[in-house]
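The next block holds one structure in the form of structure tokens; read it before the comments.
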Amino acid sequence: MKKGKKAVYYICDNHEWGYVSYLVWDILKEEGYLNNKVDFTFAGREVYKYTDKDNNEFYFVPTEIALCRDYPKYLPDMNKYFTDFDMSGMVTWHEGPNSPSNVITVHTIGDVNSGCFGPANPLYNHNLMWAMERLRKEFGLDGFRVVTEATHWSGVYGDEGNPELLLKYPVPMVDIEVGSEEESWFNRDACKVLALSLLHVFDKDIKLHNLLCVGGVHFEPNFAEAVHTSWNDGKEFFGVSHIIANQWLVSGEYEGEKGIEKATKCIDSIIGGIDAIVFHDKLKGCYKDVFRALGEKYQVPVLKHQALRKPENISW
């Protein structure tokens, strides 16, 4: 029998706390994906497993609050039961000042200021977001967009705000969200798109052109569009994982040798390495110098974001 891959999703099922995630949990239950319990508990809660036709295993872990809100509590069991997994995700909602409405979004985990980046898998991110886009169209959610979000970590509460904790869980993890307002959080079709997409993270095993994306705004449209781009008759794709937004470059002081050191940690956390560095053209010169130096270090092209619009012209 073919050996499959394994993913684990941490989903707050508490109707009294937060948004989106408990709807996703209810939908997974209604769709029949929460019928099989495993023989261990996670922080005292029962865990469920679904196995698909390709023998891929998907574990669904209920939590009382979002995983990031009590990372020290959950981390021991994360490492006890799920360290040999291929992919993981935390389902939650998105909000924030000036955030876009009606989005289904994925972002990698990292504390950019400190230079602590969790492992990132561009292929599985690609599969997840392409499944979201396909399902969005199937459900007729024309008012929603599937977008990337800049790398960050929501673990900023109390002791769990220690960014070093990110380095203690070796499985690639993403936050998977619906946002950014109450109307979108309670949109059941959007939550269903998110829920069903979780089962497609291993759909394809293809070679991507992995990018490190730098600069721009938190929801940078140029990088979001790259996720959905294909060329050469649909045979070539970008791999988008870590995105370092301009605001984090400034607050993290990514100038000079300090910037090179932190960004090196970011690149080294991307599974499969990178094939190019892409920076937003409005990036300040001091940061452009950092990433040009990294391009020489890793022997990859360093491109302006406009190059993503004509990928067939890029010399890899």
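Within each chain, counting starts at residue 1; across the structure tokens, chains are named A, B, ... in the order shown, with ligands numbered 1 upward in that order.
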Would you kindly return, as a VMD selection string, each protein, DNA or RNA residue with an atom no farther than 8 Å from any atom of Asp26 in chain A, considering only C-alpha atoms and excluding same-chain residues fewer than 4 positions away? chain A and resid 13 22 30
Tell me, as a tab-separated table (two decimals) with N, CA, C and O atoms, in the first residue's frame, which residues lie within 12 Å of Leu34 in chain A, counting only C-alpha atoms; anything in the same chain fewer than 2 positions away does not count.
```
chain	number	residue	atom	x	y	z
A	24	VAL	N	-15.82	26.02	10.92
A	24	VAL	CA	-15.05	25.06	10.14
A	24	VAL	C	-15.12	23.68	10.78
A	24	VAL	O	-15.31	22.67	10.09
A	25	TRP	N	-14.99	23.63	12.11
A	25	TRP	CA	-15.09	22.35	12.82
A	25	TRP	C	-16.46	21.71	12.60
A	25	TRP	O	-16.56	20.51	12.28
A	26	ASP	N	-17.52	22.50	12.73
A	26	ASP	CA	-18.88	21.97	12.54
A	26	ASP	C	-19.07	21.46	11.11
A	26	ASP	O	-19.71	20.41	10.89
A	27	ILE	N	-18.53	22.16	10.14
A	27	ILE	CA	-18.66	21.75	8.74
A	27	ILE	C	-17.92	20.44	8.50
A	27	ILE	O	-18.42	19.53	7.83
A	28	LEU	N	-16.71	20.32	9.02
A	28	LEU	CA	-15.96	19.07	8.88
A	28	LEU	C	-16.73	17.90	9.50
A	28	LEU	O	-16.74	16.78	8.94
A	29	LYS	N	-17.38	18.16	10.60
A	29	LYS	CA	-18.19	17.11	11.24
A	29	LYS	C	-19.38	16.74	10.38
A	29	LYS	O	-19.66	15.54	10.16
A	30	GLU	N	-20.07	17.74	9.86
A	30	GLU	CA	-21.23	17.49	9.01
A	30	GLU	C	-20.85	16.74	7.73
A	30	GLU	O	-21.63	15.92	7.23
A	31	GLU	N	-19.67	17.02	7.21
A	31	GLU	CA	-19.21	16.40	5.96
A	31	GLU	C	-18.64	15.00	6.19
A	31	GLU	O	-18.23	14.33	5.23
A	32	GLY	N	-18.56	14.56	7.44
A	32	GLY	CA	-18.14	13.19	7.73
A	32	GLY	C	-16.66	13.00	7.92
A	32	GLY	O	-16.17	11.85	7.91
A	36	ASN	N	-13.71	9.31	12.96
A	36	ASN	CA	-12.76	8.33	13.50
A	36	ASN	C	-11.85	8.98	14.54
A	36	ASN	O	-11.03	9.83	14.20
A	37	LYS	N	-11.99	8.53	15.78
A	37	LYS	CA	-11.13	9.03	16.86
A	37	LYS	C	-9.82	8.25	16.88
A	37	LYS	O	-9.78	7.07	16.55
A	38	VAL	N	-8.75	8.92	17.27
A	38	VAL	CA	-7.46	8.25	17.43
A	38	VAL	C	-7.34	7.77	18.87
A	38	VAL	O	-8.19	8.05	19.71
A	46	GLU	N	-10.28	14.84	22.57
A	46	GLU	CA	-10.24	13.78	21.57
A	46	GLU	C	-9.83	14.32	20.21
A	46	GLU	O	-10.24	15.42	19.81
A	47	VAL	N	-9.04	13.55	19.50
A	47	VAL	CA	-8.51	13.92	18.20
A	47	VAL	C	-9.13	13.00	17.14
A	47	VAL	O	-9.35	11.81	17.40
A	48	TYR	N	-9.36	13.55	15.94
A	48	TYR	CA	-10.01	12.78	14.88
A	48	TYR	C	-9.08	12.68	13.67
A	48	TYR	O	-8.27	13.56	13.41
A	49	LYS	N	-9.25	11.57	12.92
A	49	LYS	CA	-8.40	11.33	11.76
A	49	LYS	C	-9.25	10.94	10.56
A	49	LYS	O	-10.19	10.16	10.69
A	50	TYR	N	-8.87	11.48	9.42
A	50	TYR	CA	-9.48	11.08	8.15
A	50	TYR	C	-8.37	10.64	7.20
A	50	TYR	O	-7.34	11.31	7.09
A	51	THR	N	-8.59	9.53	6.51
A	51	THR	CA	-7.61	9.01	5.54
A	51	THR	C	-8.24	9.03	4.16
A	51	THR	O	-9.35	8.50	3.96
A	58	PHE	N	-5.19	12.97	7.69
A	58	PHE	CA	-5.49	14.32	8.14
A	58	PHE	C	-6.02	14.23	9.56
A	58	PHE	O	-7.04	13.58	9.81
A	59	TYR	N	-5.32	14.88	10.47
A	59	TYR	CA	-5.70	14.87	11.88
A	59	TYR	C	-6.31	16.22	12.24
A	59	TYR	O	-5.77	17.28	11.88
A	60	PHE	N	-7.43	16.16	12.97
A	60	PHE	CA	-8.14	17.37	13.35
A	60	PHE	C	-8.16	17.46	14.87
A	60	PHE	O	-8.71	16.59	15.55
A	61	VAL	N	-7.52	18.51	15.38
A	61	VAL	CA	-7.29	18.66	16.82
A	61	VAL	C	-8.12	19.84	17.34
A	61	VAL	O	-7.89	20.99	16.94
A	62	PRO	N	-9.08	19.59	18.24
A	62	PRO	CA	-9.85	20.69	18.80
A	62	PRO	C	-9.10	21.38	19.94
A	62	PRO	O	-8.41	20.74	20.72
A	195	ALA	N	-12.72	24.87	5.01
A	195	ALA	CA	-12.76	23.52	5.59
A	195	ALA	C	-12.40	22.46	4.57
A	195	ALA	O	-11.56	21.58	4.83
```
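Distance annotation: of A:Tyr9, A:Phe202, A:Phe139, A:Tyr254, the residue with the minimal separation from Asn121 in chain A is A:Phe202; atom set is only C-alpha atoms.
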Give me, as CSV, each residue of range 17-121 of chain A that comes within 8 Å of range 185-192 of chain A, together with its shortest interatomic pair and the distance in Å at one decimal, counting only C-alpha atoms, with rows ordered by chain and rising residue number.
```
residue,atom,partner,partner_atom,distance
A:Tyr19,CA,A:Trp185,CA,6.1
A:Val20,CA,A:Trp185,CA,5.4
A:Leu23,CA,A:Cys191,CA,6.6
A:Val24,CA,A:Cys191,CA,5.6
A:Ile27,CA,A:Lys192,CA,6.5
A:Trp93,CA,A:Trp185,CA,6.8
A:Ile104,CA,A:Ala190,CA,7.3
```
Those in range 145-308 of chain A with helix (DSSP H, G or I) from DSSP, as an MDAnalysis selection string: chainID A and resid 158:161 163:168 182:185 188:200 221:227 246:251 256:268 285:298 305:308
Assign secondary structure with DSSP using the backbone only, and return the residues of range 21-224 of chain A in strand (DSSP E) as a PyMOL selection string. chain A and resi 37-42+45-51+57-63+87-94+103-108+110-111+116-117+145-148+173-179+209-214
Selection above as a file: C-alpha atoms, as a PDB file, in the first residue's frame:
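And here's out_33.pdb as it stands now:
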```pdb
ATOM      1  CA  LYS A  37     -11.128   9.027  16.856  1.00  0.00           C
ATOM      2  CA  VAL A  38      -7.457   8.248  17.426  1.00  0.00           C
ATOM      3  CA  ASP A  39      -6.131   6.417  20.489  1.00  0.00           C
ATOM      4  CA  PHE A  40      -4.633   9.466  22.214  1.00  0.00           C
ATOM      5  CA  THR A  41      -5.855  12.834  23.441  1.00  0.00           C
ATOM      6  CA  PHE A  42      -4.375  16.280  22.875  1.00  0.00           C
ATOM      7  CA  ARG A  45      -9.346  16.529  24.044  1.00  0.00           C
ATOM      8  CA  GLU A  46     -10.238  13.778  21.573  1.00  0.00           C
ATOM      9  CA  VAL A  47      -8.508  13.921  18.198  1.00  0.00           C
ATOM     10  CA  TYR A  48     -10.012  12.785  14.877  1.00  0.00           C
ATOM     11  CA  LYS A  49      -8.395  11.331  11.760  1.00  0.00           C
ATOM     12  CA  TYR A  50      -9.484  11.080   8.147  1.00  0.00           C
ATOM     13  CA  THR A  51      -7.613   9.010   5.543  1.00  0.00           C
ATOM     14  CA  GLU A  57      -3.848  11.156   6.810  1.00  0.00           C
ATOM     15  CA  PHE A  58      -5.489  14.321   8.136  1.00  0.00           C
ATOM     16  CA  TYR A  59      -5.697  14.867  11.883  1.00  0.00           C
ATOM     17  CA  PHE A  60      -8.143  17.371  13.350  1.00  0.00           C
ATOM     18  CA  VAL A  61      -7.294  18.663  16.817  1.00  0.00           C
ATOM     19  CA  PRO A  62      -9.850  20.692  18.801  1.00  0.00           C
ATOM     20  CA  THR A  63      -8.617  23.446  21.100  1.00  0.00           C
ATOM     21  CA  MET A  87       2.272  19.883   7.278  1.00  0.00           C
ATOM     22  CA  SER A  88       0.244  21.641   9.949  1.00  0.00           C
ATOM     23  CA  GLY A  89      -2.125  24.560  10.184  1.00  0.00           C
ATOM     24  CA  MET A  90      -4.073  26.669  12.638  1.00  0.00           C
ATOM     25  CA  VAL A  91      -7.570  27.690  11.568  1.00  0.00           C
ATOM     26  CA  THR A  92      -8.743  31.082  12.810  1.00  0.00           C
ATOM     27  CA  TRP A  93     -10.157  34.442  11.687  1.00  0.00           C
ATOM     28  CA  HIS A  94      -8.471  37.580  10.443  1.00  0.00           C
ATOM     29  CA  VAL A 103     -10.699  37.245   2.009  1.00  0.00           C
ATOM     30  CA  ILE A 104      -9.705  33.630   2.477  1.00  0.00           C
ATOM     31  CA  THR A 105      -6.071  33.815   3.373  1.00  0.00           C
ATOM     32  CA  VAL A 106      -2.987  31.793   4.278  1.00  0.00           C
ATOM     33  CA  HIS A 107       0.244  32.981   5.844  1.00  0.00           C
ATOM     34  CA  THR A 108       3.433  31.344   7.024  1.00  0.00           C
ATOM     35  CA  GLY A 110       7.566  33.771  11.679  1.00  0.00           C
ATOM     36  CA  ASP A 111       8.538  36.558  14.035  1.00  0.00           C
ATOM     37  CA  CYS A 116      12.687  33.527  14.098  1.00  0.00           C
ATOM     38  CA  PHE A 117      11.050  31.774  11.141  1.00  0.00           C
ATOM     39  CA  ARG A 145     -10.614  36.615  -2.846  1.00  0.00           C
ATOM     40  CA  VAL A 146      -7.998  33.992  -2.007  1.00  0.00           C
ATOM     41  CA  VAL A 147      -4.883  35.919  -0.997  1.00  0.00           C
ATOM     42  CA  THR A 148      -1.539  35.633   0.708  1.00  0.00           C
ATOM     43  CA  MET A 173       2.746  25.533   9.827  1.00  0.00           C
ATOM     44  CA  VAL A 174       0.448  28.135   8.336  1.00  0.00           C
ATOM     45  CA  ASP A 175      -2.415  30.203   9.681  1.00  0.00           C
ATOM     46  CA  ILE A 176      -5.561  29.645   7.606  1.00  0.00           C
ATOM     47  CA  GLU A 177      -8.167  32.355   7.971  1.00  0.00           C
ATOM     48  CA  VAL A 178     -11.331  34.035   6.773  1.00  0.00           C
ATOM     49  CA  GLY A 179     -11.465  37.797   7.182  1.00  0.00           C
ATOM     50  CA  HIS A 209       9.951  28.160  -8.696  1.00  0.00           C
ATOM     51  CA  ASN A 210      10.257  29.097  -5.023  1.00  0.00           C
ATOM     52  CA  LEU A 211      10.372  32.781  -4.177  1.00  0.00           C
ATOM     53  CA  LEU A 212      11.362  34.861  -1.192  1.00  0.00           C
ATOM     54  CA  CYS A 213       9.036  37.865  -1.397  1.00  0.00           C
ATOM     55  CA  VAL A 214      10.153  41.122   0.184  1.00  0.00           C
TER      56      VAL A 214
END
```
Have a look at A:Gly115, A:Gly273, A:Pro163, A:Pro172 and name the one nearest to Lys6 in chain A; count only C-alpha atoms. A:Pro172
Applying 9 Å and only C-alpha atoms, which residues near range 308-313 of chain A remain after dropping the ones on its own chain fewer than 4 positions away? List them as a PyMOL selection string. chain A and resi 222-223+225-226+229-232+237-238+278+303-304
So, counting only C-alpha atoms, which residue among A:Asn79, A:Ser99, A:Ser241, A:Asn35 is closest to Asn125 in chain A? A:Ser241
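Put simply, CA of Leu165 in chain A is 23.0 Å away from CA of Gly272 in chain A.
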A:Leu196, A:Leu67, A:Lys2, A:Gly215 ranked by distance to Gly285 in chain A, top pick (using only C-alpha atoms): A:Gly215
Quick one, how far is CA of Pro301 in chain A from CA of Lys288 in chain A? 12.8 Å
Pick out the residues sitting within 10 Å of Lys284 in chain A, and hand them over as a ChimeraX atom specification; count only C-alpha atoms, and ignore anything fewer than 5 positions along from it in its own chain. /A:215,246,249-250,289
Could you write those residues out with N, CA and C atoms, as a short mmCIF file (atom, residue, chain, number, x, y, z; two decimals), in the first residue's frame?
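Heads up, here's the output in result-v8.cif:
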```cif
data_model
loop_
_atom_site.label_atom_id
_atom_site.label_comp_id
_atom_site.auth_asym_id
_atom_site.auth_seq_id
_atom_site.Cartn_x
_atom_site.Cartn_y
_atom_site.Cartn_z
N GLY A 215 9.08 43.19 0.90
CA GLY A 215 8.57 44.53 0.71
C GLY A 215 7.07 44.53 0.46
N ASN A 246 7.13 45.27 4.15
CA ASN A 246 7.97 46.44 4.40
C ASN A 246 7.95 46.87 5.87
N LEU A 249 10.38 44.88 7.86
CA LEU A 249 11.77 45.19 7.54
C LEU A 249 12.25 46.39 8.34
N VAL A 250 11.37 47.38 8.45
CA VAL A 250 11.72 48.61 9.16
C VAL A 250 11.80 48.35 10.67
N ASP A 289 19.86 46.51 -1.07
CA ASP A 289 21.27 46.09 -1.00
C ASP A 289 21.41 44.78 -0.23
#
```
Can you measure CA of Gly18 in chain A to CA of Ala150 in chain A for me? One decimal in Å is fine.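 Value for the CA of Gly18 in chain A-CA of Ala150 in chain A distance: 21.7 Å.
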